[in-house]
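Enquirer: Have a peek at model_39.cif (mmCIF, C-alpha atoms and all ligand atoms).
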data_query
loop_
_atom_site.group_PDB
_atom_site.id
_atom_site.type_symbol
_atom_site.label_atom_id
_atom_site.label_comp_id
_atom_site.auth_asym_id
_atom_site.auth_seq_id
_atom_site.Cartn_x
_atom_site.Cartn_y
_atom_site.Cartn_z
ATOM 1 C CA MET P 1 -66.901 112.501 -116.429
ATOM 2 C CA THR P 2 -64.071 114.488 -114.881
ATOM 3 C CA GLN P 3 -60.852 112.683 -114.107
ATOM 4 C CA THR P 4 -61.548 112.801 -110.353
ATOM 5 C CA ALA P 5 -65.030 111.393 -110.789
ATOM 6 C CA GLU P 6 -63.715 108.668 -113.064
ATOM 7 C CA LEU P 7 -61.018 107.772 -110.526
ATOM 8 C CA SER P 8 -63.442 107.600 -107.619
ATOM 9 C CA HIS P 9 -65.675 105.373 -109.729
ATOM 10 C CA LEU P 10 -62.711 103.051 -110.414
ATOM 11 C CA PHE P 11 -61.665 102.943 -106.743
ATOM 12 C CA ARG P 12 -65.251 102.142 -105.755
ATOM 13 C CA SER P 13 -65.551 99.319 -108.220
ATOM 14 C CA LEU P 14 -62.209 97.923 -107.036
ATOM 15 C CA LYS P 15 -63.406 98.349 -103.413
ATOM 16 C CA ALA P 16 -60.207 100.214 -102.594
ATOM 17 C CA PRO P 17 -61.216 103.121 -100.334
ATOM 18 C CA ALA P 18 -57.812 103.402 -98.594
ATOM 19 C CA ALA P 19 -56.058 103.867 -101.933
ATOM 20 C CA ALA P 20 -58.683 106.435 -102.909
ATOM 21 C CA ARG P 21 -58.011 108.390 -99.726
ATOM 22 C CA ALA P 22 -54.241 108.161 -100.189
ATOM 23 C CA LEU P 23 -54.252 109.244 -103.842
ATOM 24 C CA PRO P 24 -54.279 113.063 -103.655
ATOM 25 C CA LYS P 25 -51.323 113.301 -101.244
ATOM 26 C CA LEU P 26 -49.375 110.525 -102.956
ATOM 27 C CA ALA P 27 -49.834 112.129 -106.378
ATOM 28 C CA GLU P 28 -48.646 115.455 -105.019
ATOM 29 C CA ARG P 29 -45.569 113.871 -103.434
ATOM 30 C CA ALA P 30 -44.848 111.805 -106.510
ATOM 31 C CA ARG P 31 -44.857 114.945 -108.660
ATOM 32 C CA ALA P 32 -42.721 116.928 -106.221
ATOM 33 C CA GLU P 33 -40.197 114.127 -105.765
ATOM 34 C CA GLU P 34 -40.298 112.913 -109.370
ATOM 35 C CA TRP P 35 -41.135 109.304 -108.494
ATOM 36 C CA THR P 36 -40.993 106.604 -111.140
ATOM 37 C CA TYR P 37 -44.398 105.264 -112.252
ATOM 38 C CA GLU P 38 -43.521 101.966 -110.563
ATOM 39 C CA ARG P 39 -42.764 103.636 -107.244
ATOM 40 C CA PHE P 40 -46.043 105.493 -107.408
ATOM 41 C CA ALA P 41 -48.000 102.330 -108.253
ATOM 42 C CA GLU P 42 -46.337 100.529 -105.359
ATOM 43 C CA ALA P 43 -47.155 103.289 -102.873
ATOM 44 C CA LEU P 44 -50.766 103.525 -104.005
ATOM 45 C CA LEU P 45 -51.431 99.784 -103.992
ATOM 46 C CA GLY P 46 -49.455 99.409 -100.759
ATOM 47 C CA SER P 47 -51.720 101.889 -98.973
ATOM 48 C CA GLU P 48 -54.692 99.641 -99.764
ATOM 49 C CA THR P 49 -53.023 96.330 -98.826
ATOM 50 C CA SER P 50 -51.673 97.604 -95.492
ATOM 51 C CA SER P 51 -55.082 98.976 -94.583
ATOM 52 C CA ARG P 52 -56.670 95.615 -95.458
ATOM 53 C CA GLU P 53 -54.101 93.715 -93.415
ATOM 54 C CA ALA P 54 -54.688 95.982 -90.426
ATOM 55 C CA HIS P 55 -58.457 95.515 -90.714
ATOM 56 C CA GLY P 56 -58.108 91.745 -91.113
ATOM 57 C CA GLY P 57 -56.041 91.648 -87.942
ATOM 58 C CA GLU P 58 -58.579 93.773 -86.152
ATOM 59 C CA SER P 59 -61.477 91.550 -87.122
ATOM 60 C CA ARG P 60 -59.571 88.429 -86.074
ATOM 61 C CA ILE P 61 -58.794 90.100 -82.720
ATOM 62 C CA ARG P 62 -62.504 90.804 -82.226
ATOM 63 C CA ALA P 63 -63.472 87.292 -83.275
ATOM 64 C CA ALA P 64 -60.953 85.764 -80.827
ATOM 65 C CA ARG P 65 -62.881 87.325 -77.897
ATOM 66 C CA PHE P 66 -59.901 88.223 -75.763
ATOM 67 C CA PRO P 67 -61.021 89.475 -72.332
ATOM 68 C CA SER P 68 -58.751 92.517 -72.787
ATOM 69 C CA ARG P 69 -55.952 93.721 -75.008
ATOM 70 C CA LYS P 70 -52.438 93.069 -73.823
ATOM 71 C CA THR P 71 -49.186 93.348 -75.704
ATOM 72 C CA LEU P 72 -45.624 92.162 -75.217
ATOM 73 C CA GLU P 73 -44.532 95.793 -75.458
ATOM 74 C CA GLU P 74 -46.546 96.612 -72.307
ATOM 75 C CA PHE P 75 -45.069 93.723 -70.336
ATOM 76 C CA ASP P 76 -42.662 94.819 -67.608
ATOM 77 C CA TRP P 77 -39.751 92.389 -67.769
ATOM 78 C CA THR P 78 -38.041 93.986 -64.787
ATOM 79 C CA PHE P 79 -40.974 92.956 -62.591
ATOM 80 C CA GLN P 80 -41.194 89.443 -64.009
ATOM 81 C CA HIS P 81 -37.673 87.951 -64.206
ATOM 82 C CA SER P 82 -38.576 84.286 -64.194
ATOM 83 C CA VAL P 83 -39.527 84.293 -67.859
ATOM 84 C CA LYS P 84 -37.010 85.397 -70.448
ATOM 85 C CA LYS P 85 -37.973 88.169 -72.795
ATOM 86 C CA ASP P 86 -36.019 86.456 -75.603
ATOM 87 C CA VAL P 87 -38.114 83.311 -75.252
ATOM 88 C CA LEU P 88 -41.349 85.286 -75.546
ATOM 89 C CA LEU P 89 -40.066 87.355 -78.446
ATOM 90 C CA HIS P 90 -39.129 84.140 -80.183
ATOM 91 C CA LEU P 91 -42.582 82.657 -79.525
ATOM 92 C CA ALA P 92 -44.069 85.860 -80.909
ATOM 93 C CA GLN P 93 -42.414 85.028 -84.238
ATOM 94 C CA LEU P 94 -45.069 82.257 -84.251
ATOM 95 C CA ASP P 95 -42.874 79.361 -85.399
ATOM 96 C CA PHE P 96 -44.751 77.325 -82.782
ATOM 97 C CA LEU P 97 -47.981 77.782 -84.766
ATOM 98 C CA LEU P 98 -46.395 76.517 -87.944
ATOM 99 C CA GLY P 99 -44.946 73.565 -85.999
ATOM 100 C CA LYS P 100 -48.372 72.883 -84.375
ATOM 101 C CA GLU P 101 -46.668 73.176 -80.994
ATOM 102 C CA ASN P 102 -48.120 74.299 -77.689
ATOM 103 C CA VAL P 103 -47.247 76.868 -75.051
ATOM 104 C CA VAL P 104 -47.993 76.257 -71.387
ATOM 105 C CA LEU P 105 -47.811 79.127 -68.912
ATOM 106 C CA LEU P 106 -47.749 78.058 -65.279
ATOM 107 C CA GLY P 107 -47.539 80.210 -62.158
ATOM 108 C CA PRO P 108 -49.373 81.812 -59.261
ATOM 109 C CA PRO P 109 -52.159 84.379 -59.809
ATOM 110 C CA GLY P 110 -51.148 87.777 -61.132
ATOM 111 C CA THR P 111 -47.777 86.732 -62.547
ATOM 112 C CA GLY P 112 -48.756 87.600 -66.124
ATOM 113 C CA LYS P 113 -49.928 84.284 -67.626
ATOM 114 C CA THR P 114 -53.112 85.642 -69.170
ATOM 115 C CA HIS P 115 -51.317 88.805 -70.276
ATOM 116 C CA LEU P 116 -48.695 86.803 -72.180
ATOM 117 C CA ALA P 117 -51.270 84.384 -73.613
ATOM 118 C CA ILE P 118 -53.314 87.308 -74.980
ATOM 119 C CA ALA P 119 -50.196 89.043 -76.305
ATOM 120 C CA LEU P 120 -49.217 85.917 -78.256
ATOM 121 C CA GLY P 121 -52.804 85.545 -79.458
ATOM 122 C CA ILE P 122 -52.894 89.118 -80.743
ATOM 123 C CA ARG P 123 -49.606 88.611 -82.580
ATOM 124 C CA ALA P 124 -51.125 85.533 -84.211
ATOM 125 C CA CYS P 125 -54.253 87.485 -85.247
ATOM 126 C CA LEU P 126 -52.138 90.256 -86.746
ATOM 127 C CA ALA P 127 -50.087 87.689 -88.646
ATOM 128 C CA GLY P 128 -53.258 86.336 -90.249
ATOM 129 C CA HIS P 129 -54.099 83.345 -88.033
ATOM 130 C CA ARG P 130 -57.510 82.638 -86.562
ATOM 131 C CA VAL P 131 -57.430 82.499 -82.749
ATOM 132 C CA LEU P 132 -60.016 81.354 -80.207
ATOM 133 C CA PHE P 133 -59.746 82.491 -76.594
ATOM 134 C CA ALA P 134 -61.783 81.175 -73.657
ATOM 135 C CA THR P 135 -61.293 80.118 -70.075
ATOM 136 C CA ALA P 136 -61.189 76.387 -69.360
ATOM 137 C CA THR P 137 -64.681 76.656 -67.845
ATOM 138 C CA GLU P 138 -66.014 78.362 -70.979
ATOM 139 C CA TRP P 139 -64.403 75.768 -73.250
ATOM 140 C CA VAL P 140 -66.018 72.982 -71.263
ATOM 141 C CA ALA P 141 -69.445 74.678 -71.412
ATOM 142 C CA ARG P 142 -69.115 75.054 -75.172
ATOM 143 C CA LEU P 143 -68.150 71.417 -75.666
ATOM 144 C CA LEU P 144 -70.917 70.230 -73.323
ATOM 145 C CA ASP P 145 -73.454 72.119 -75.460
ATOM 146 C CA ALA P 146 -72.095 70.478 -78.593
ATOM 147 C CA GLN P 147 -72.181 67.083 -76.930
ATOM 148 C CA ARG P 148 -75.806 67.580 -75.885
ATOM 149 C CA LEU P 149 -76.668 68.305 -79.491
ATOM 150 C CA GLY P 150 -74.756 65.194 -80.589
ATOM 151 C CA ARG P 151 -72.276 67.366 -82.476
ATOM 152 C CA LEU P 152 -69.143 67.016 -80.390
ATOM 153 C CA SER P 153 -66.866 65.594 -83.074
ATOM 154 C CA ASP P 154 -68.098 68.145 -85.630
ATOM 155 C CA GLU P 155 -67.420 70.913 -83.141
ATOM 156 C CA LEU P 156 -63.912 69.630 -82.358
ATOM 157 C CA ARG P 157 -63.185 69.393 -86.071
ATOM 158 C CA ARG P 158 -64.465 72.918 -86.596
ATOM 159 C CA LEU P 159 -62.418 74.276 -83.691
ATOM 160 C CA GLY P 160 -59.398 72.443 -85.067
ATOM 161 C CA ARG P 161 -59.471 74.685 -88.120
ATOM 162 C CA ALA P 162 -58.352 77.638 -85.987
ATOM 163 C CA PRO P 163 -54.556 77.391 -85.745
ATOM 164 C CA LEU P 164 -54.560 78.611 -82.130
ATOM 165 C CA ALA P 165 -56.870 77.874 -79.215
ATOM 166 C CA ILE P 166 -56.081 79.589 -75.923
ATOM 167 C CA VAL P 167 -57.319 77.822 -72.792
ATOM 168 C CA ASP P 168 -57.012 80.207 -69.871
ATOM 169 C CA GLU P 169 -57.259 79.457 -66.164
ATOM 170 C CA VAL P 170 -56.992 75.688 -65.977
ATOM 171 C CA GLY P 171 -57.117 74.833 -62.292
ATOM 172 C CA TYR P 172 -59.140 77.745 -60.947
ATOM 173 C CA VAL P 173 -62.146 75.454 -60.817
ATOM 174 C CA PRO P 174 -61.613 71.682 -60.500
ATOM 175 C CA PHE P 175 -63.200 69.660 -63.287
ATOM 176 C CA ASP P 176 -65.890 67.051 -62.803
ATOM 177 C CA PRO P 177 -65.209 63.811 -64.730
ATOM 178 C CA GLU P 178 -67.246 64.918 -67.768
ATOM 179 C CA ALA P 179 -65.463 68.273 -67.932
ATOM 180 C CA ALA P 180 -62.065 66.586 -67.546
ATOM 181 C CA LYS P 181 -62.893 64.255 -70.444
ATOM 182 C CA LEU P 182 -63.973 67.161 -72.678
ATOM 183 C CA MET P 183 -60.825 69.135 -71.872
ATOM 184 C CA PHE P 184 -58.750 66.086 -72.752
ATOM 185 C CA LEU P 185 -60.639 65.694 -76.037
ATOM 186 C CA LEU P 186 -60.041 69.331 -76.912
ATOM 187 C CA VAL P 187 -56.288 69.015 -76.389
ATOM 188 C CA SER P 188 -55.919 65.621 -78.028
ATOM 189 C CA SER P 189 -58.046 66.581 -81.049
ATOM 190 C CA ARG P 190 -55.490 69.324 -81.760
ATOM 191 C CA TYR P 191 -52.428 67.148 -81.121
ATOM 192 C CA GLU P 192 -49.899 67.733 -83.932
ATOM 193 C CA ARG P 193 -52.649 69.474 -85.943
ATOM 194 C CA ALA P 194 -53.065 72.875 -84.302
ATOM 195 C CA SER P 195 -51.685 74.751 -81.326
ATOM 196 C CA VAL P 196 -52.911 75.279 -77.792
ATOM 197 C CA VAL P 197 -51.766 77.973 -75.396
ATOM 198 C CA MET P 198 -52.801 76.950 -71.911
ATOM 199 C CA THR P 199 -52.425 78.802 -68.620
ATOM 200 C CA SER P 200 -52.724 77.364 -65.136
ATOM 201 C CA ASN P 201 -52.155 78.530 -61.589
ATOM 202 C CA LYS P 202 -51.418 74.930 -60.599
ATOM 203 C CA PRO P 203 -48.160 73.061 -61.231
ATOM 204 C CA PHE P 204 -48.425 69.827 -63.223
ATOM 205 C CA SER P 205 -47.992 67.909 -59.955
ATOM 206 C CA ALA P 206 -51.418 69.224 -58.863
ATOM 207 C CA TRP P 207 -53.229 68.456 -62.142
ATOM 208 C CA GLY P 208 -54.395 65.098 -60.787
ATOM 209 C CA GLU P 209 -56.567 67.057 -58.371
ATOM 210 C CA VAL P 210 -57.630 69.578 -61.006
ATOM 211 C CA PHE P 211 -58.780 66.807 -63.352
ATOM 212 C CA GLY P 212 -60.080 64.658 -60.506
ATOM 213 C CA ASP P 213 -58.152 61.707 -61.905
ATOM 214 C CA ASP P 214 -54.408 61.037 -62.200
ATOM 215 C CA VAL P 215 -54.783 58.953 -65.359
ATOM 216 C CA VAL P 216 -56.645 61.675 -67.274
ATOM 217 C CA ALA P 217 -54.235 64.327 -65.969
ATOM 218 C CA THR P 218 -51.194 62.314 -67.056
ATOM 219 C CA ALA P 219 -52.637 61.649 -70.513
ATOM 220 C CA MET P 220 -53.462 65.326 -70.844
ATOM 221 C CA ILE P 221 -49.995 66.522 -69.790
ATOM 222 C CA ASP P 222 -48.419 63.942 -72.094
ATOM 223 C CA ARG P 223 -50.276 65.267 -75.158
ATOM 224 C CA LEU P 224 -49.856 68.867 -74.181
ATOM 225 C CA VAL P 225 -46.116 68.924 -73.500
ATOM 226 C CA HIS P 226 -44.853 66.548 -76.186
ATOM 227 C CA HIS P 227 -44.237 69.504 -78.508
ATOM 228 C CA ALA P 228 -44.372 72.513 -76.249
ATOM 229 C CA GLU P 229 -42.645 75.436 -74.629
ATOM 230 C CA ILE P 230 -43.334 75.333 -70.886
ATOM 231 C CA LEU P 231 -42.914 78.624 -69.061
ATOM 232 C CA SER P 232 -43.001 78.702 -65.269
ATOM 233 C CA LEU P 233 -43.676 82.165 -63.936
ATOM 234 C CA LYS P 234 -42.709 82.935 -60.380
ATOM 235 C CA GLY P 235 -42.959 85.822 -57.980
ATOM 236 C CA ASP P 236 -45.615 88.105 -56.559
ATOM 237 C CA SER P 237 -48.767 89.221 -58.248
ATOM 238 C CA TYR P 238 -48.274 92.244 -60.479
ATOM 239 C CA ARG P 239 -51.574 93.522 -59.118
ATOM 240 C CA LEU P 240 -49.945 93.838 -55.698
ATOM 241 C CA ARG P 241 -46.795 95.625 -56.850
ATOM 242 C CA GLY P 242 -45.791 98.524 -54.670
ATOM 243 C CA LYS P 243 -48.173 97.397 -51.928
ATOM 244 C CA GLU P 244 -46.943 96.287 -48.523
ATOM 245 C CA LEU P 245 -46.945 92.566 -49.060
ATOM 246 C CA ALA P 246 -44.756 90.083 -47.203
ATOM 247 C CA GLY P 247 -47.537 88.604 -45.142
ATOM 248 C CA ALA P 248 -49.338 91.912 -44.554
ATOM 249 C CA ARG P 249 -53.104 91.483 -44.418
ATOM 250 C CA LEU P 250 -54.953 93.741 -46.801
ATOM 251 C CA ARG P 251 -58.114 95.444 -45.627
ATOM 252 C CA PRO P 252 -61.226 94.395 -47.577
ATOM 253 C CA ASP P 253 -61.412 97.813 -49.295
ATOM 254 C CA GLU P 254 -57.807 97.444 -50.457
ATOM 255 C CA ASN P 255 -58.583 93.983 -51.673
ATOM 256 C CA ALA P 256 -61.461 95.403 -53.700
ATOM 257 C CA GLN P 257 -59.168 97.988 -55.275
ATOM 258 C CA LEU P 258 -56.851 95.244 -56.445
ATOM 259 C CA ARG P 259 -59.425 93.471 -58.521
HETATM 260 P P1 LIG M 1 -52.370 85.780 -64.287
HETATM 261 O O1 LIG M 1 -53.111 85.382 -65.517
HETATM 262 O O2 LIG M 1 -51.027 85.154 -64.162
HETATM 263 O O3 LIG M 1 -53.183 85.611 -63.037
HETATM 264 P P2 LIG M 1 -52.513 88.404 -65.464
HETATM 265 O O4 LIG M 1 -51.787 88.172 -66.730
HETATM 266 O O5 LIG M 1 -53.997 88.477 -65.541
HETATM 267 O O6 LIG M 1 -52.079 87.334 -64.361
HETATM 268 O O7 LIG M 1 -51.939 89.725 -64.786
HETATM 269 C C1 LIG M 1 -52.694 90.512 -63.860
HETATM 270 C C2 LIG M 1 -52.659 91.971 -64.286
HETATM 271 O O8 LIG M 1 -51.336 92.473 -64.148
HETATM 272 C C3 LIG M 1 -53.035 92.169 -65.732
HETATM 273 O O9 LIG M 1 -53.699 93.410 -65.841
HETATM 274 C C4 LIG M 1 -51.705 92.195 -66.460
HETATM 275 O O10 LIG M 1 -51.763 92.975 -67.633
HETATM 276 C C5 LIG M 1 -50.799 92.820 -65.416
HETATM 277 N N1 LIG M 1 -49.434 92.288 -65.447
HETATM 278 C C6 LIG M 1 -49.006 91.103 -64.931
HETATM 279 N N2 LIG M 1 -47.684 90.983 -65.042
HETATM 280 C C7 LIG M 1 -47.251 92.090 -65.679
HETATM 281 C C8 LIG M 1 -45.962 92.562 -66.091
HETATM 282 N N3 LIG M 1 -44.841 91.863 -65.843
HETATM 283 N N4 LIG M 1 -45.909 93.749 -66.719
HETATM 284 C C9 LIG M 1 -47.021 94.483 -66.951
HETATM 285 N N5 LIG M 1 -48.260 94.103 -66.571
HETATM 286 C C10 LIG M 1 -48.379 92.931 -65.936
HETATM 287 MG MG MG M 2 -55.012 84.683 -65.647
#
Will you turn the file into structure tokens for me?
Expert:
Amino acid sequence: MTQTAELSHLFRSLKAPAAARALPKLAERARAEEWTYERFAEALLGSETSSREAHGGESRIRAARFPSRKTLEEFDWTFQHSVKKDVLLHLAQLDFLLGKENVVLLGPPGTGKTHLAIALGIRACLAGHRVLFATATEWVARLLDAQRLGRLSDELRRLGRAPLAIVDEVGYVPFDPEAAKLMFLLVSSRYERASVVMTSNKPFSAWGEVFGDDVVATAMIDRLVHHAEILSLKGDSYRLRGKELAGARLRPDENAQLR
């Protein structure tokens, strides 16, 4: 066997295709720059580990089922002043996940709640954490299915193994009593065990209406905010930026363009 054939055999049996691809160029550079053997070994092995980490992140991002990809880098902080960039950058360090704390993003439609929730979720995926993303309505449907099959507590336990669950759009659709109970169970099953990022277009004062019951809403808020960063976003919808707003009525075709 030639040396090249032997090497590709070894890379295949180690399942290290990225290192195999990197080898010819790295060897050339190492010779030209007279690297130590250790430096060469580090560069070669490093090319494989960073490719694996990137792929792991990518597969966690796919598994999380984000509705779109959004990053903190894309977020325009000059448009949205009511939330401090420093606070988000700190959250993006993910100490809140290790502390099993929550993040609640409140504010009117279009102010960037979902964007920031996804951006934090993607950071978590890239840092090696499993993330689950769904709207409140989707979470409820999933838990209802489990309940019908008599597997609700198993399902909650299983979901609890993901360090981060994102519950988007609480308040867009009011909950019926069953849905409100399931939402409460989801949050309380994760209490001090795993994190929740929740977004809502309704202030806490309106959650009684959202949950159809002040007692459930209060219990929910109590669990959610005990260890949490609460961010209240204000201002106009980013979707409407640059448009004549200030009470102007949009024509239906303009409205369609904004969706
Ligand atoms: P919300 O969830 O608060 O209703 P979104 O996060 O869905 O709002 O934002 C609506 C759209 O505007 C998305 O495409 C989002 O990426 C974008 N967006 C919102 N705020 C900003 C911002 N400050 N900078 C960049 N894009 C933004
Ligand atoms: Mg949203």
Enquirer: Taking every listed atom of stretch 197-207 of chain P and adding 4 Å to each side, what centre and edge lengths in Å (one decimal) does the axis-aligned box have, as lines of an AutoDock Vina configuration file?
Expert:
center_x = -50.6
center_y = 73.4
center_z = -67.1
size_x = 13.2
size_y = 18.9
size_z = 24.5
Enquirer: Could you list, as number ranges by chain, all residues that come within 6 Å of ligand MG 2 (chain M)? Count only C-alpha atoms and all ligand atoms.
Expert: P: 113-114, 169
Enquirer: Using the chain letters and numbering of this document, enumerate as a list in words the residues selected by the PyMOL selection byres (((chain P and resi 111) around 8) and not hetatm).
Expert: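 Checked against the file, the PyMOL selection byres (((chain P and resi 111) around 8) and not hetatm) matches Gln80, Gly107, Pro108, Pro109, Gly110, Gly112, Lys113, Leu233, Lys234, Gly235, Asp236, Ser237 and Tyr238 of chain P.
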Enquirer: Restricted to C-alpha atoms, what would the selected residues look like written as a tab-separated table (two decimals), keeping the file's coordinate frame?
Expert:
chain	number	residue	atom	x	y	z
P	80	GLN	CA	-41.19	89.44	-64.01
P	107	GLY	CA	-47.54	80.21	-62.16
P	108	PRO	CA	-49.37	81.81	-59.26
P	109	PRO	CA	-52.16	84.38	-59.81
P	110	GLY	CA	-51.15	87.78	-61.13
P	112	GLY	CA	-48.76	87.60	-66.12
P	113	LYS	CA	-49.93	84.28	-67.63
P	233	LEU	CA	-43.68	82.16	-63.94
P	234	LYS	CA	-42.71	82.94	-60.38
P	235	GLY	CA	-42.96	85.82	-57.98
P	236	ASP	CA	-45.62	88.10	-56.56
P	237	SER	CA	-48.77	89.22	-58.25
P	238	TYR	CA	-48.27	92.24	-60.48
Enquirer: From the list P:Asn201, P:Asn102, P:Thr4, P:Thr36, which residue is nearest ligand LIG 1 (chain M) when using all atoms listed in the file?
Expert: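 Distance minimum relative to ligand LIG 1 (chain M) lands on P:Asn201.
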Enquirer: In Å, rounded to a single decimal, give me how far atom CA of P:Asp95 is from atom CA of P:Gly128.
Expert: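 Rounded to one decimal, the two atoms are 13.4 Å apart.
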Enquirer: Which is closer to ligand LIG 1 (chain M) than all the others in P:Val103, P:Ala92, P:Val83, P:Leu156, using all atoms listed in the file?
Expert: P:Val83
Enquirer: Smallest atom-to-atom distance to P:Trp207: which of P:Val170, P:Leu94, P:Leu231, P:Leu185, using all atoms listed in the file?
Expert: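 Among P:Val170, P:Leu94, P:Leu231, P:Leu185, it is P:Val170 that comes nearest to P:Trp207.
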Enquirer: Atom CA of P:Leu149 and atom CA of P:Ala63 are how many Å apart?
Expert: 23.4 Å
Enquirer: Counting all atoms listed in the file, which of P:Ser200, P:Ser232, P:Ser13, P:Ser195 gets nearest to P:Leu98?
Expert: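 Nearest to P:Leu98: P:Ser195.
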Enquirer: Here is a test: counting all atoms listed in the file, which residue of P:Ser153, P:Thr78, P:Gln147, P:Ser205 is nearest to ligand LIG 1 (chain M)?
Expert: P:Thr78
Enquirer: One number please: atom CA of P:Arg157 to atom CA of P:Arg190, in Å, one decimal.
Expert: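 Interatomic distance, atom CA of P:Arg157 to atom CA of P:Arg190: 8.8 Å.
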Enquirer: Using only C-alpha atoms, find the one residue out of P:Ile221, P:Leu106, P:Val131, P:Ser68 that sits nearest to P:Ser82.
Expert: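 Checking each candidate against P:Ser82, we get P:Leu106 as the closest.
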Enquirer: In the coordinate frame of the file, compute which residues have an atom within 12 Å of (-58.4, 74.5, -79.0) when using only C-alpha atoms, and state them as a PyMOL selection string.
Expert: chain P and resi 64+100-102+130-136+138-140+142-143+155-168+182-198+224
Enquirer: As a check of understanding, name the residues that the PyMOL selection byres (((chain P and resi 119-126) around 8) and not hetatm) selects in the supplied structure, as a PyMOL selection string.
Expert: chain P and resi 53-54+56-58+60-61+69-72+91-92+94+115-118+127-131+164+166
